[in-house]
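Step one of this worksheet: look at the structure below.
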Amino acid sequence: MKRHLIAMTAAAVLGAAATPAVAETLSIPYKDLNLASAEGQKALDLRIESAVRKFCGMNETTTGSRIVSGESRQCYAETKKQAHEQFAAIVDRHRLGG
């Protein structure tokens, strides 16, 4: 089953290609962070990494193997890219005082 990322925080929609019938959501809270600062952005990066790894099952392995499935690696790459693209716009708004 291919996972699709649909929403991140406050119903911000990601991934227009996601199928509503099979869609899953990933929320990453960020309202408590000062995204205009380097510290806030680093904290956000850590939250994204942790949430995406959990969402895609990167920490799960099959019995007798330490290898993460190809599906999980693909989910991780796509979801992390989408999360960073979505948050880049949010960070830019915070830098501009928005």
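Just so we're on the same page: first chain in the structure tokens is A, next is B, and so on; residues restart at 1 for each chain, and ligands are numbered from 1 in the order they show up.
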* Using only C-alpha atoms, which residues sit within 12 Å of segment 59-61 of chain A once same-chain residues fewer than 2 positions away are excluded, as number ranges by chain? -> A: 49-57, 63-73, 76
* Asked: Pick the closest to Leu46 of chain A from A:Met58, A:Cys75, A:His84, A:Asp92: which is it, counting only C-alpha atoms?
  -> A:His84
* To do: Figure out the distance between atom CA of Glu24 of chain A and atom CA of Ile48 of chain A, please, to one decimal in Å.
  =>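 Separating atom CA of Ile48 of chain A from atom CA of Glu24 of chain A is a distance of 16.1 Å.
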* **Atomic distance atom CA of Ile28 of chain A - atom CA of Arg47 of chain A, expressed in Å with one decimal** =>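 Between these atoms lies a distance of 6.9 Å.
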* Asked: Restricting the calculation to only C-alpha atoms, which member of A:Thr62, A:Leu96, A:Gln74, A:Pro29 is positioned closest to Asp45 of chain A?
  ->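 Looking at the shortest contact to Asp45 of chain A, the residue is A:Pro29.
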* **Surrounding residues of Gln41 of chain A excluding itself and chain neighbours under 5 positions, 10 Å, only C-alpha atoms, as a list of chain:residue names** => A:Tyr30, A:Leu33, A:Asn34, A:Leu35, A:Ala36, A:Leu46, A:Arg47, A:Phe87, A:Ala88, A:Val91
Let me see the file: selected residues, C-alpha atoms, as an mmCIF file, in the first residue's frame.
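Saved file again_6.cif follows:
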data_model
loop_
_atom_site.group_PDB
_atom_site.id
_atom_site.type_symbol
_atom_site.label_atom_id
_atom_site.label_comp_id
_atom_site.auth_asym_id
_atom_site.auth_seq_id
_atom_site.Cartn_x
_atom_site.Cartn_y
_atom_site.Cartn_z
ATOM 1 C CA TYR A 30 4.974 24.249 14.635
ATOM 2 C CA LEU A 33 8.333 27.674 17.175
ATOM 3 C CA ASN A 34 9.853 30.959 16.090
ATOM 4 C CA LEU A 35 10.451 30.074 12.445
ATOM 5 C CA ALA A 36 12.208 33.389 11.840
ATOM 6 C CA LEU A 46 13.982 17.661 13.729
ATOM 7 C CA ARG A 47 10.196 17.417 14.068
ATOM 8 C CA PHE A 87 7.202 24.435 5.393
ATOM 9 C CA ALA A 88 9.574 26.471 3.188
ATOM 10 C CA VAL A 91 9.265 29.812 7.045
#
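Here atom CA of Glu78 of chain A stands at a distance of 12.9 Å from atom CA of Leu26 of chain A.
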